[in-house]
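Reviewing the structure listed below.
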Amino acid sequence: MNKKIYLSSPTMHGEEQRFIAEAFDTNWVAPLGPNVDGFEKEMAAYLGIGYAAALSAGTAALHLAVRLLGVEEGDVVFCTSMTFAATCNPVAYEKGTLVFIDSEPDTWNMSPAALRKAFEKYPKVKAVICADLYGTPARLDEIEAICKEYDTPLIEDAAEALGSSWKGKKCGRFGRFGALSFNGNKIITTSGGGMLVSEDEEAIRHARFLATQAREPVPYYLHKELGFNYRMSNIIAGIGRGQLLHLEEHIAQKQAIYRTYQKAFADIDAITMNPLGGADAVANNWLSCLTLKRDCGVKPMDIFEALQKENIDSRPIWNPMHNQPIYEGCDFIADPHGKENETGSVCMDIYNRGLCLPSDNKNTQEDMERIIGIIRGLF
């Protein structure tokens with residue numbers, strides 16, 4: 001069988017073992033410890049933000065953000081539609097009312113025009129959750145300004161965009177809270193894990209409290225609030241500290257992969273690479289994606305199946321949340337550009353025509369030539 005090529009797998013270095021060994025040598029194996037404290041401080045310093053809480057998953061970070069903002073049953077929350085379910089599920093945990101917002105063509109992220117339409121329809125909103133897809137930042141300053149206009153807090157889901165920036169400001173720093181993910185396929189990994197970041201020191205202190213079962217600081221077991229088992233372990237945090245040392249290296253490798261695809265498909269009119277946000281953005285290119293021109297004779301699943309036969313991973317674009325059976329009763333606000341295609345929305349059109357390409361930062365030149373050759377062969 002041909003060599004397996006992954007979509008995006010962990011890339012480990014030597015430093016992770018040093019931090020893990022230190023944890024074992026000092027018996028800081030149980031949750032919390034010096035690696036957790038160090039990882040929080042180092043990540044906050046990298047982002048240029050005040051405070052961070054290391055957690056068990058990016059989903060936990062989003063859930064605590066939703067919880068800290070007081071989302072309750074029936075509260076309206078606006079959320080990016082074209083994203084992974086983890087972005088919006090925490091609102092459902094709290095029985096909030098989700099309203100999904102369309103993408104805009106230039107970033108594939110939340111459309112400011114659709115967001116404004118949503119506020120005109122729903123003037124009383126508890127929170128907005130905006131995701132930065134595939135490492136491309138959303139128009140975060142515009143979205144943040146609209147949220148401030150309507151006095152509504154913004155949560156930035158930067159799970160896919162660590163190291164990306166918008167107008168010189170790192171993703172994760174926009175809005176009241178930012179959420180990061182260190183899942184196994186992300187640009188750096190702790191095998192699993194996430195982080196909640198904010199300039200609000202008290203909010204992050206409370207997040208840590210809730211994440212450790214909301215146990216009151218007394219000698220006996222006392223709980224006045226509902227808590228969660230969401231804290232990151234000291235071992236996992238050690239992996240993260242070692243990975244963080246190589247973040248810029250990983251970003252450069254991902255960017256090189258994107259440029260390789262872009263150059264290789266430049267002469268195929270039917271293929272367009274995913275947008276990077278223009279001059280205001282620096283994208284980490286976590287995943288390189290393409291869209292196909294309508295009626296070009298090749299469909300995304302044709303590429304998916306051709307690669308799969310050669311033991312190569314790819315993945316469909318995120319199926320928008322308003323298209324999911326579990327959320328079929330939720331309202332959806334379309335971007336004006338949606339009128340230009342038969343789906344009536346930008347995000348469904350991207351989903352129908354798009355595919356995520358193998359973007360493992362360990363891909364060799366030979367690997368890239370193999371992937372590109374298979375795709376070009378279909379045209």
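Naming works like this for the structure tokens: A, B, ... for the chains as they're shown, residue 1 at the start of each chain, ligands 1 onward in shown order.
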
Shell around A:Leu287 at 8 Å using only C-alpha atoms, local window under 5 positions removed, as a PDB file with N, CA, C and O atoms, in the first residue's frame:
ATOM      1  N   SER A   8      -3.822  16.368   8.678  1.00  0.00           N
ATOM      2  CA  SER A   8      -3.061  17.229   9.584  1.00  0.00           C
ATOM      3  C   SER A   8      -2.836  16.453  10.873  1.00  0.00           C
ATOM      4  O   SER A   8      -3.740  16.343  11.699  1.00  0.00           O
ATOM      5  N   TYR A 134     -10.204  27.657   9.285  1.00  0.00           N
ATOM      6  CA  TYR A 134      -9.042  27.152   8.551  1.00  0.00           C
ATOM      7  C   TYR A 134      -7.817  28.043   8.707  1.00  0.00           C
ATOM      8  O   TYR A 134      -6.892  27.981   7.908  1.00  0.00           O
ATOM      9  N   GLY A 135      -7.813  28.888   9.746  1.00  0.00           N
ATOM     10  CA  GLY A 135      -6.676  29.753  10.005  1.00  0.00           C
ATOM     11  C   GLY A 135      -6.786  31.140   9.422  1.00  0.00           C
ATOM     12  O   GLY A 135      -5.899  31.971   9.628  1.00  0.00           O
ATOM     13  N   LYS A 254       3.007  25.341   7.126  1.00  0.00           N
ATOM     14  CA  LYS A 254       1.630  25.351   6.604  1.00  0.00           C
ATOM     15  C   LYS A 254       1.478  26.377   5.483  1.00  0.00           C
ATOM     16  O   LYS A 254       0.793  26.120   4.482  1.00  0.00           O
ATOM     17  N   CYS A 356     -11.117  20.234   1.846  1.00  0.00           N
ATOM     18  CA  CYS A 356      -9.881  20.483   2.580  1.00  0.00           C
ATOM     19  C   CYS A 356      -8.814  19.514   2.082  1.00  0.00           C
ATOM     20  O   CYS A 356      -9.030  18.293   2.062  1.00  0.00           O
ATOM     21  N   LEU A 357      -7.668  20.047   1.708  1.00  0.00           N
ATOM     22  CA  LEU A 357      -6.588  19.257   1.138  1.00  0.00           C
ATOM     23  C   LEU A 357      -5.606  18.796   2.213  1.00  0.00           C
ATOM     24  O   LEU A 357      -5.517  19.407   3.285  1.00  0.00           O
ATOM     25  N   PRO A 358      -4.842  17.745   1.943  1.00  0.00           N
ATOM     26  CA  PRO A 358      -3.841  17.290   2.910  1.00  0.00           C
ATOM     27  C   PRO A 358      -2.879  18.433   3.254  1.00  0.00           C
ATOM     28  O   PRO A 358      -2.253  18.997   2.359  1.00  0.00           O
ATOM     29  N   SER A 359      -2.784  18.762   4.533  1.00  0.00           N
ATOM     30  CA  SER A 359      -2.028  19.942   4.971  1.00  0.00           C
ATOM     31  C   SER A 359      -1.104  19.611   6.130  1.00  0.00           C
ATOM     32  O   SER A 359      -0.837  20.453   6.989  1.00  0.00           O
TER      33      SER A 359
END

May I have the residues within 9 Å of stretch 45-54 of chain A as JSON, numbers by chain, using only C-alpha atoms and disregarding those fewer than 2 positions away in the same chain?
-> {"A": [36, 37, 39, 40, 41, 42, 43, 56, 57, 61, 162, 163, 169, 170, 171, 172, 173, 193, 194, 195, 196, 197, 198, 199, 200, 201, 204, 205, 207, 208, 230, 231, 232, 233, 237]}

Distance atom CA of A:His337-atom CA of A:Ser103, one decimal place?
->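 Atom-to-atom, atom CA of A:His337 and atom CA of A:Ser103 are spaced 9.3 Å apart.
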
Neighbours of A:Ile155 within 9 Å (only C-alpha atoms; same-chain residues fewer than 4 positions away dropped), as a short mmCIF file (atom, residue, chain, number, x, y, z; two decimals) with N, CA and C atoms, in the first residue's frame?
data_model
loop_
_atom_site.label_atom_id
_atom_site.label_comp_id
_atom_site.auth_asym_id
_atom_site.auth_seq_id
_atom_site.Cartn_x
_atom_site.Cartn_y
_atom_site.Cartn_z
N LEU A 62 -15.05 27.36 25.26
CA LEU A 62 -16.25 28.01 24.74
C LEU A 62 -17.42 27.88 25.72
N ALA A 65 -16.95 30.31 28.52
CA ALA A 65 -17.23 31.67 28.04
C ALA A 65 -18.73 31.93 28.00
N VAL A 66 -19.47 30.97 27.46
CA VAL A 66 -20.94 31.08 27.40
C VAL A 66 -21.52 31.17 28.82
N ALA A 127 -25.05 37.08 23.26
CA ALA A 127 -23.64 36.95 22.87
C ALA A 127 -23.55 36.66 21.39
N VAL A 128 -22.37 36.90 20.84
CA VAL A 128 -22.03 36.53 19.46
C VAL A 128 -20.79 35.66 19.51
N ILE A 129 -20.82 34.53 18.80
CA ILE A 129 -19.66 33.64 18.71
C ILE A 129 -19.21 33.61 17.25
N CYS A 130 -18.00 34.07 17.02
CA CYS A 130 -17.44 34.15 15.66
C CYS A 130 -16.22 33.25 15.56
N ALA A 131 -16.21 32.34 14.60
CA ALA A 131 -15.08 31.42 14.39
C ALA A 131 -14.17 31.92 13.27
N GLY A 172 -7.75 35.51 18.79
CA GLY A 172 -7.95 35.13 20.18
C GLY A 172 -8.06 36.34 21.09
N PHE A 174 -9.68 39.24 20.25
CA PHE A 174 -10.83 40.08 19.95
C PHE A 174 -12.02 39.69 20.83
N GLY A 175 -12.83 40.68 21.19
CA GLY A 175 -14.02 40.40 21.98
C GLY A 175 -13.71 40.22 23.46
N ARG A 176 -14.73 39.78 24.19
CA ARG A 176 -14.61 39.58 25.64
C ARG A 176 -13.77 38.35 25.96
N PHE A 177 -13.94 37.27 25.17
CA PHE A 177 -13.21 36.03 25.39
C PHE A 177 -12.70 35.47 24.07
N GLY A 178 -11.56 34.80 24.13
CA GLY A 178 -11.06 34.02 23.01
C GLY A 178 -10.90 32.57 23.43
N ALA A 179 -11.15 31.65 22.51
CA ALA A 179 -11.02 30.22 22.80
C ALA A 179 -10.01 29.60 21.84
#

Using DSSP on the backbone, list every residue of stretch 263-327 of chain A that comes out as helix (DSSP H, G or I), and give them as a list in words.
-> Lys263, Ala264, Gly278, Ala279, Asp280, Pro300, Met301, Asp302, Ile303, Phe304, Glu305, Ala306, Leu307, Gln308, Lys309, Met321, His322, Asn323, Pro325, Ile326 and Tyr327 of chain A

Residue nearest A:Tyr122 among A:Ile333, A:Leu276, A:Leu355, A:Ile375 (counting only C-alpha atoms) |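 Nearest candidate to A:Tyr122 out of A:Ile333, A:Leu276, A:Leu355, A:Ile375: A:Ile333.
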
Residue set, stretch 164-283 of chain A restricted to strand (DSSP E), as a PyMOL selection string | chain A and resi 165-166+169-170+177-181+194-198+271-273+281-282

Kindly export the residues of the current selection with N, CA, C and O atoms, as a PDB file, in the first residue's frame.
ATOM      1  N   SER A 165      -3.424  36.618  12.517  1.00  0.00           N
ATOM      2  CA  SER A 165      -3.696  37.946  13.047  1.00  0.00           C
ATOM      3  C   SER A 165      -4.524  38.763  12.067  1.00  0.00           C
ATOM      4  O   SER A 165      -4.535  38.492  10.861  1.00  0.00           O
ATOM      5  N   TRP A 166      -5.221  39.744  12.609  1.00  0.00           N
ATOM      6  CA  TRP A 166      -6.038  40.671  11.817  1.00  0.00           C
ATOM      7  C   TRP A 166      -5.611  42.085  12.180  1.00  0.00           C
ATOM      8  O   TRP A 166      -5.688  42.491  13.339  1.00  0.00           O
ATOM      9  N   LYS A 169      -3.216  42.325  15.098  1.00  0.00           N
ATOM     10  CA  LYS A 169      -3.662  41.843  16.407  1.00  0.00           C
ATOM     11  C   LYS A 169      -3.928  40.344  16.320  1.00  0.00           C
ATOM     12  O   LYS A 169      -4.658  39.889  15.439  1.00  0.00           O
ATOM     13  N   LYS A 170      -3.322  39.569  17.217  1.00  0.00           N
ATOM     14  CA  LYS A 170      -3.417  38.112  17.161  1.00  0.00           C
ATOM     15  C   LYS A 170      -4.859  37.629  17.341  1.00  0.00           C
ATOM     16  O   LYS A 170      -5.622  38.172  18.157  1.00  0.00           O
ATOM     17  N   PHE A 177     -13.943  37.271  25.171  1.00  0.00           N
ATOM     18  CA  PHE A 177     -13.208  36.027  25.393  1.00  0.00           C
ATOM     19  C   PHE A 177     -12.701  35.475  24.069  1.00  0.00           C
ATOM     20  O   PHE A 177     -13.344  35.641  23.032  1.00  0.00           O
ATOM     21  N   GLY A 178     -11.559  34.797  24.131  1.00  0.00           N
ATOM     22  CA  GLY A 178     -11.062  34.019  23.008  1.00  0.00           C
ATOM     23  C   GLY A 178     -10.903  32.569  23.429  1.00  0.00           C
ATOM     24  O   GLY A 178     -10.560  32.295  24.591  1.00  0.00           O
ATOM     25  N   ALA A 179     -11.148  31.652  22.515  1.00  0.00           N
ATOM     26  CA  ALA A 179     -11.017  30.223  22.799  1.00  0.00           C
ATOM     27  C   ALA A 179     -10.010  29.603  21.836  1.00  0.00           C
ATOM     28  O   ALA A 179     -10.066  29.843  20.622  1.00  0.00           O
ATOM     29  N   LEU A 180      -9.090  28.809  22.376  1.00  0.00           N
ATOM     30  CA  LEU A 180      -8.078  28.109  21.591  1.00  0.00           C
ATOM     31  C   LEU A 180      -8.260  26.607  21.732  1.00  0.00           C
ATOM     32  O   LEU A 180      -8.808  26.126  22.723  1.00  0.00           O
ATOM     33  N   SER A 181      -7.784  25.859  20.736  1.00  0.00           N
ATOM     34  CA  SER A 181      -7.824  24.400  20.776  1.00  0.00           C
ATOM     35  C   SER A 181      -6.443  23.840  20.499  1.00  0.00           C
ATOM     36  O   SER A 181      -5.719  24.343  19.639  1.00  0.00           O
ATOM     37  N   GLY A 194      -7.400  22.828  25.524  1.00  0.00           N
ATOM     38  CA  GLY A 194      -7.789  24.127  25.007  1.00  0.00           C
ATOM     39  C   GLY A 194      -7.447  25.207  26.003  1.00  0.00           C
ATOM     40  O   GLY A 194      -6.850  24.939  27.059  1.00  0.00           O
ATOM     41  N   MET A 195      -7.807  26.440  25.689  1.00  0.00           N
ATOM     42  CA  MET A 195      -7.497  27.551  26.568  1.00  0.00           C
ATOM     43  C   MET A 195      -8.519  28.659  26.368  1.00  0.00           C
ATOM     44  O   MET A 195      -8.921  28.939  25.241  1.00  0.00           O
ATOM     45  N   LEU A 196      -8.920  29.267  27.472  1.00  0.00           N
ATOM     46  CA  LEU A 196      -9.771  30.446  27.448  1.00  0.00           C
ATOM     47  C   LEU A 196      -8.889  31.643  27.765  1.00  0.00           C
ATOM     48  O   LEU A 196      -8.130  31.624  28.744  1.00  0.00           O
ATOM     49  N   VAL A 197      -8.957  32.687  26.935  1.00  0.00           N
ATOM     50  CA  VAL A 197      -8.106  33.863  27.139  1.00  0.00           C
ATOM     51  C   VAL A 197      -8.971  35.119  27.201  1.00  0.00           C
ATOM     52  O   VAL A 197     -10.045  35.187  26.594  1.00  0.00           O
ATOM     53  N   SER A 198      -8.484  36.120  27.926  1.00  0.00           N
ATOM     54  CA  SER A 198      -9.252  37.352  28.091  1.00  0.00           C
ATOM     55  C   SER A 198      -8.371  38.409  28.742  1.00  0.00           C
ATOM     56  O   SER A 198      -7.350  38.103  29.384  1.00  0.00           O
ATOM     57  N   ILE A 271     -10.285  25.686 -10.367  1.00  0.00           N
ATOM     58  CA  ILE A 271      -9.869  25.592  -8.969  1.00  0.00           C
ATOM     59  C   ILE A 271      -9.535  26.969  -8.401  1.00  0.00           C
ATOM     60  O   ILE A 271      -8.784  27.733  -9.007  1.00  0.00           O
ATOM     61  N   THR A 272     -10.089  27.258  -7.230  1.00  0.00           N
ATOM     62  CA  THR A 272      -9.744  28.460  -6.476  1.00  0.00           C
ATOM     63  C   THR A 272      -9.368  28.042  -5.064  1.00  0.00           C
ATOM     64  O   THR A 272     -10.095  27.273  -4.425  1.00  0.00           O
ATOM     65  N   MET A 273      -8.248  28.529  -4.562  1.00  0.00           N
ATOM     66  CA  MET A 273      -7.843  28.225  -3.193  1.00  0.00           C
ATOM     67  C   MET A 273      -8.633  29.082  -2.204  1.00  0.00           C
ATOM     68  O   MET A 273      -9.143  30.145  -2.551  1.00  0.00           O
ATOM     69  N   ALA A 281      -4.841  40.682   6.822  1.00  0.00           N
ATOM     70  CA  ALA A 281      -4.769  39.413   7.541  1.00  0.00           C
ATOM     71  C   ALA A 281      -3.422  38.731   7.373  1.00  0.00           C
ATOM     72  O   ALA A 281      -2.770  38.846   6.333  1.00  0.00           O
ATOM     73  N   VAL A 282      -3.036  38.003   8.409  1.00  0.00           N
ATOM     74  CA  VAL A 282      -1.980  37.001   8.317  1.00  0.00           C
ATOM     75  C   VAL A 282      -2.618  35.686   8.735  1.00  0.00           C
ATOM     76  O   VAL A 282      -3.075  35.551   9.882  1.00  0.00           O
TER      77      VAL A 282
END

Determine the nearest neighbour of A:Glu369 from the options A:Ile268, A:Met348, A:Ala118, A:Ile5, counting only C-alpha atoms.
-> A:Ile5

List the neighbours of A:Arg370 out to 12 Å using only C-alpha atoms; skip same-chain residues closer than 4 positions along the sequence, and give me the result as a tab-separated table (two decimals) with N, CA, C and O atoms, in the first residue's frame.
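out.tsv was written with the following content:
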chain	number	residue	atom	x	y	z
A	2	ASN	N	0.43	2.29	-0.69
A	2	ASN	CA	1.17	3.54	-0.74
A	2	ASN	C	1.28	4.16	0.66
A	2	ASN	O	0.43	3.95	1.52
A	3	LYS	N	2.31	4.95	0.85
A	3	LYS	CA	2.51	5.66	2.11
A	3	LYS	C	1.28	6.49	2.45
A	3	LYS	O	0.71	7.17	1.60
A	4	LYS	N	0.87	6.43	3.72
A	4	LYS	CA	-0.26	7.22	4.19
A	4	LYS	C	0.12	8.69	4.28
A	4	LYS	O	1.18	9.04	4.82
A	5	ILE	N	-0.72	9.55	3.75
A	5	ILE	CA	-0.55	11.00	3.88
A	5	ILE	C	-1.76	11.52	4.65
A	5	ILE	O	-2.90	11.30	4.24
A	261	TYR	N	0.26	24.47	-3.33
A	261	TYR	CA	-1.02	24.17	-3.99
A	261	TYR	C	-1.42	25.32	-4.91
A	261	TYR	O	-1.86	25.10	-6.05
A	264	ALA	N	0.58	25.24	-8.02
A	264	ALA	CA	0.33	24.04	-8.81
A	264	ALA	C	-0.99	24.09	-9.57
A	264	ALA	O	-1.13	23.49	-10.65
A	306	ALA	N	-10.58	10.00	-5.17
A	306	ALA	CA	-9.32	9.72	-5.88
A	306	ALA	C	-8.14	9.71	-4.90
A	306	ALA	O	-7.25	8.86	-5.00
A	307	LEU	N	-8.14	10.63	-3.97
A	307	LEU	CA	-7.08	10.67	-2.96
A	307	LEU	C	-7.19	9.49	-2.00
A	307	LEU	O	-6.20	8.86	-1.64
A	310	GLU	N	-5.64	6.31	-2.94
A	310	GLU	CA	-4.17	6.32	-2.85
A	310	GLU	C	-3.68	6.50	-1.42
A	310	GLU	O	-2.53	6.85	-1.19
A	311	ASN	N	-4.58	6.24	-0.44
A	311	ASN	CA	-4.22	6.29	0.97
A	311	ASN	C	-3.85	7.71	1.43
A	311	ASN	O	-2.94	7.92	2.23
A	312	ILE	N	-4.60	8.68	0.90
A	312	ILE	CA	-4.36	10.09	1.21
A	312	ILE	C	-5.62	10.70	1.80
A	312	ILE	O	-6.70	10.58	1.23
A	358	PRO	N	-4.84	17.74	1.94
A	358	PRO	CA	-3.84	17.29	2.91
A	358	PRO	C	-2.88	18.43	3.25
A	358	PRO	O	-2.25	19.00	2.36
A	363	ASN	N	4.55	16.95	5.34
A	363	ASN	CA	4.52	16.57	3.93
A	363	ASN	C	5.84	16.92	3.25
A	363	ASN	O	6.32	18.04	3.35
A	364	THR	N	6.39	15.96	2.54
A	364	THR	CA	7.62	16.19	1.78
A	364	THR	C	7.26	16.72	0.40
A	364	THR	O	6.09	16.72	-0.01
A	365	GLN	N	8.28	17.15	-0.34
A	365	GLN	CA	8.05	17.58	-1.72
A	365	GLN	C	7.46	16.44	-2.54
A	365	GLN	O	6.56	16.64	-3.36
A	366	GLU	N	7.94	15.23	-2.28
A	366	GLU	CA	7.41	14.06	-2.99
A	366	GLU	C	5.94	13.85	-2.66
A	366	GLU	O	5.12	13.53	-3.54
A	374	ILE	N	-2.41	13.64	-8.56
A	374	ILE	CA	-3.72	12.95	-8.56
A	374	ILE	C	-4.84	13.95	-8.87
A	374	ILE	O	-5.74	13.66	-9.67
A	375	ILE	N	-4.79	15.12	-8.24
A	375	ILE	CA	-5.83	16.12	-8.47
A	375	ILE	C	-5.80	16.66	-9.90
A	375	ILE	O	-6.83	16.71	-10.58
A	376	ARG	N	-4.60	16.99	-10.38
A	376	ARG	CA	-4.50	17.49	-11.73
A	376	ARG	C	-4.96	16.45	-12.76
A	376	ARG	O	-5.53	16.81	-13.80
A	377	GLY	N	-4.76	15.18	-12.45
A	377	GLY	CA	-5.18	14.12	-13.36
A	377	GLY	C	-6.68	14.07	-13.61
A	377	GLY	O	-7.13	13.54	-14.62

Would you mind listing what lies within 10 Å of A:Asn285 as a list of chain:residue names, with only C-alpha atoms counted and same-chain residues fewer than 5 positions away left out?
-> A:Leu133, A:Tyr134, A:Gly135, A:Thr136, A:Glu160, A:Ala161, A:Gly163, A:Ser164, A:Ile187, A:His250, A:Ile251, A:Ala252, A:Gln253, A:Lys254, A:Gln255, A:Ala256, A:Ile257, A:Tyr258, A:Arg259, A:Asn274, A:Pro275, A:Leu276, A:Ser359

So that I have them on file, write out the residues from the current selection with C-alpha atoms, as a compact mmCIF listing (two decimals), in the first residue's frame.
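Contents of result.txt, as written:
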# COMPACT_ATOMS: atom_id res chain seq x y z
CA LEU A 133 -12.03 29.11 9.83
CA TYR A 134 -9.04 27.15 8.55
CA GLY A 135 -6.68 29.75 10.00
CA THR A 136 -8.08 32.77 8.13
CA GLU A 160 -8.15 26.96 14.13
CA ALA A 161 -6.31 30.29 14.03
CA GLY A 163 -0.79 32.48 15.24
CA SER A 164 -3.05 34.22 12.72
CA ILE A 187 -1.27 23.76 14.45
CA HIS A 250 4.67 25.07 12.04
CA ILE A 251 2.99 28.18 10.63
CA ALA A 252 5.78 28.65 8.06
CA GLN A 253 5.41 25.02 6.97
CA LYS A 254 1.63 25.35 6.60
CA GLN A 255 2.02 28.56 4.61
CA ALA A 256 4.50 26.84 2.29
CA ILE A 257 2.00 24.02 1.67
CA TYR A 258 -0.68 26.55 0.72
CA ARG A 259 1.67 28.33 -1.70
CA ASN A 274 -9.48 29.33 0.05
CA PRO A 275 -9.17 33.07 0.80
CA LEU A 276 -6.62 34.35 3.30
CA SER A 359 -2.03 19.94 4.97

Restrict the calculation to only C-alpha atoms, then for each residue of stretch 218-254 of chain A with any atom at most 8 Å from an atom of stretch 12-25 of chain A give the closest atom pair and their distance in Å to one decimal, rows by chain and rising residue number, as a Markdown table.
| residue | atom | partner | partner_atom | distance |
| --- | --- | --- | --- | --- |
| A:Asn234 | CA | A:Ala23 | CA | 7.0 |
| A:Ile235 | CA | A:Ile20 | CA | 5.7 |
| A:Gly238 | CA | A:Phe19 | CA | 4.8 |
| A:Ile239 | CA | A:Glu16 | CA | 4.6 |
| A:Gly240 | CA | A:Glu16 | CA | 7.3 |
| A:Arg241 | CA | A:Glu16 | CA | 6.9 |
| A:Gly242 | CA | A:Glu16 | CA | 4.2 |
| A:Gln243 | CA | A:Glu16 | CA | 6.6 |

For the selection just defined, write its residues with all heavy atoms to a file, as an mmCIF file, in the first residue's frame.
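Full text of selection28.cif as output:
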data_model
loop_
_atom_site.group_PDB
_atom_site.id
_atom_site.type_symbol
_atom_site.label_atom_id
_atom_site.label_comp_id
_atom_site.auth_asym_id
_atom_site.auth_seq_id
_atom_site.Cartn_x
_atom_site.Cartn_y
_atom_site.Cartn_z
ATOM 1 N N ASN A 234 -1.129 18.695 34.249
ATOM 2 C CA ASN A 234 0.237 19.189 34.198
ATOM 3 C C ASN A 234 1.066 18.479 33.124
ATOM 4 O O ASN A 234 1.959 19.077 32.523
ATOM 5 C CB ASN A 234 0.895 19.023 35.573
ATOM 6 C CG ASN A 234 2.120 19.894 35.727
ATOM 7 O OD1 ASN A 234 2.078 21.095 35.493
ATOM 8 N ND2 ASN A 234 3.237 19.286 36.117
ATOM 9 N N ILE A 235 0.763 17.193 32.873
ATOM 10 C CA ILE A 235 1.468 16.440 31.823
ATOM 11 C C ILE A 235 1.124 17.012 30.450
ATOM 12 O O ILE A 235 2.002 17.294 29.628
ATOM 13 C CB ILE A 235 1.097 14.945 31.878
ATOM 14 C CG1 ILE A 235 1.534 14.333 33.216
ATOM 15 C CG2 ILE A 235 1.707 14.194 30.707
ATOM 16 C CD1 ILE A 235 3.023 14.288 33.421
ATOM 17 N N GLY A 238 2.669 20.265 29.687
ATOM 18 C CA GLY A 238 4.075 20.142 29.322
ATOM 19 C C GLY A 238 4.260 19.922 27.832
ATOM 20 O O GLY A 238 5.169 20.499 27.213
ATOM 21 N N ILE A 239 3.385 19.112 27.229
ATOM 22 C CA ILE A 239 3.425 18.924 25.777
ATOM 23 C C ILE A 239 3.199 20.259 25.087
ATOM 24 O O ILE A 239 3.896 20.630 24.140
ATOM 25 C CB ILE A 239 2.367 17.896 25.323
ATOM 26 C CG1 ILE A 239 2.609 16.534 25.967
ATOM 27 C CG2 ILE A 239 2.365 17.764 23.797
ATOM 28 C CD1 ILE A 239 1.517 15.518 25.703
ATOM 29 N N GLY A 240 2.214 21.015 25.586
ATOM 30 C CA GLY A 240 1.897 22.312 24.996
ATOM 31 C C GLY A 240 3.056 23.288 25.063
ATOM 32 O O GLY A 240 3.308 24.033 24.107
ATOM 33 N N ARG A 241 3.773 23.298 26.179
ATOM 34 C CA ARG A 241 4.910 24.211 26.315
ATOM 35 C C ARG A 241 6.001 23.879 25.298
ATOM 36 O O ARG A 241 6.608 24.785 24.704
ATOM 37 C CB ARG A 241 5.477 24.138 27.736
ATOM 38 C CG ARG A 241 4.524 24.631 28.796
ATOM 39 C CD ARG A 241 5.161 24.603 30.175
ATOM 40 N NE ARG A 241 6.085 25.734 30.346
ATOM 41 C CZ ARG A 241 6.850 25.885 31.417
ATOM 42 N NH1 ARG A 241 6.842 24.986 32.390
ATOM 43 N NH2 ARG A 241 7.644 26.934 31.512
ATOM 44 N N GLY A 242 6.233 22.580 25.080
ATOM 45 C CA GLY A 242 7.215 22.182 24.083
ATOM 46 C C GLY A 242 6.770 22.511 22.673
ATOM 47 O O GLY A 242 7.579 22.926 21.832
ATOM 48 N N GLN A 243 5.478 22.349 22.416
ATOM 49 C CA GLN A 243 4.932 22.647 21.093
ATOM 50 C C GLN A 243 4.975 24.142 20.782
ATOM 51 O O GLN A 243 5.264 24.551 19.655
ATOM 52 C CB GLN A 243 3.481 22.162 21.012
ATOM 53 C CG GLN A 243 3.338 20.659 20.870
ATOM 54 C CD GLN A 243 3.381 20.223 19.420
ATOM 55 O OE1 GLN A 243 2.463 20.484 18.650
ATOM 56 N NE2 GLN A 243 4.470 19.574 19.041
#

So, counting only C-alpha atoms, which residue among A:Ala60, A:Arg353, A:Leu7, A:Ile146 is closest to A:Val298?
-> A:Arg353

Shortest interatomic distance to A:Thr260 - which of A:Pro217, A:Arg67, A:Ser288, A:Thr212, counting only C-alpha atoms = A:Ser288

Contacts of A:Lys224 within 9 Å, only C-alpha atoms, excl. fewer than 4 positions in-chain, as a PyMOL selection string = chain A and resi 214-216

Measuring atom to atom with only C-alpha atoms, identify which of A:Ala158, A:Lys126, A:Glu340, A:Ser111 is nearest to A:Glu142.
-> A:Ser111

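The space separating atom CA of A:Phe304 from atom CA of A:Glu248 comes to 29.5 Å.
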
What does the distance from atom CA of A:Ile350 to atom CA of A:Met82 come to in Å, to one decimal?
->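 According to the coordinates, atom CA of A:Ile350 and atom CA of A:Met82 are separated by 9.1 Å.
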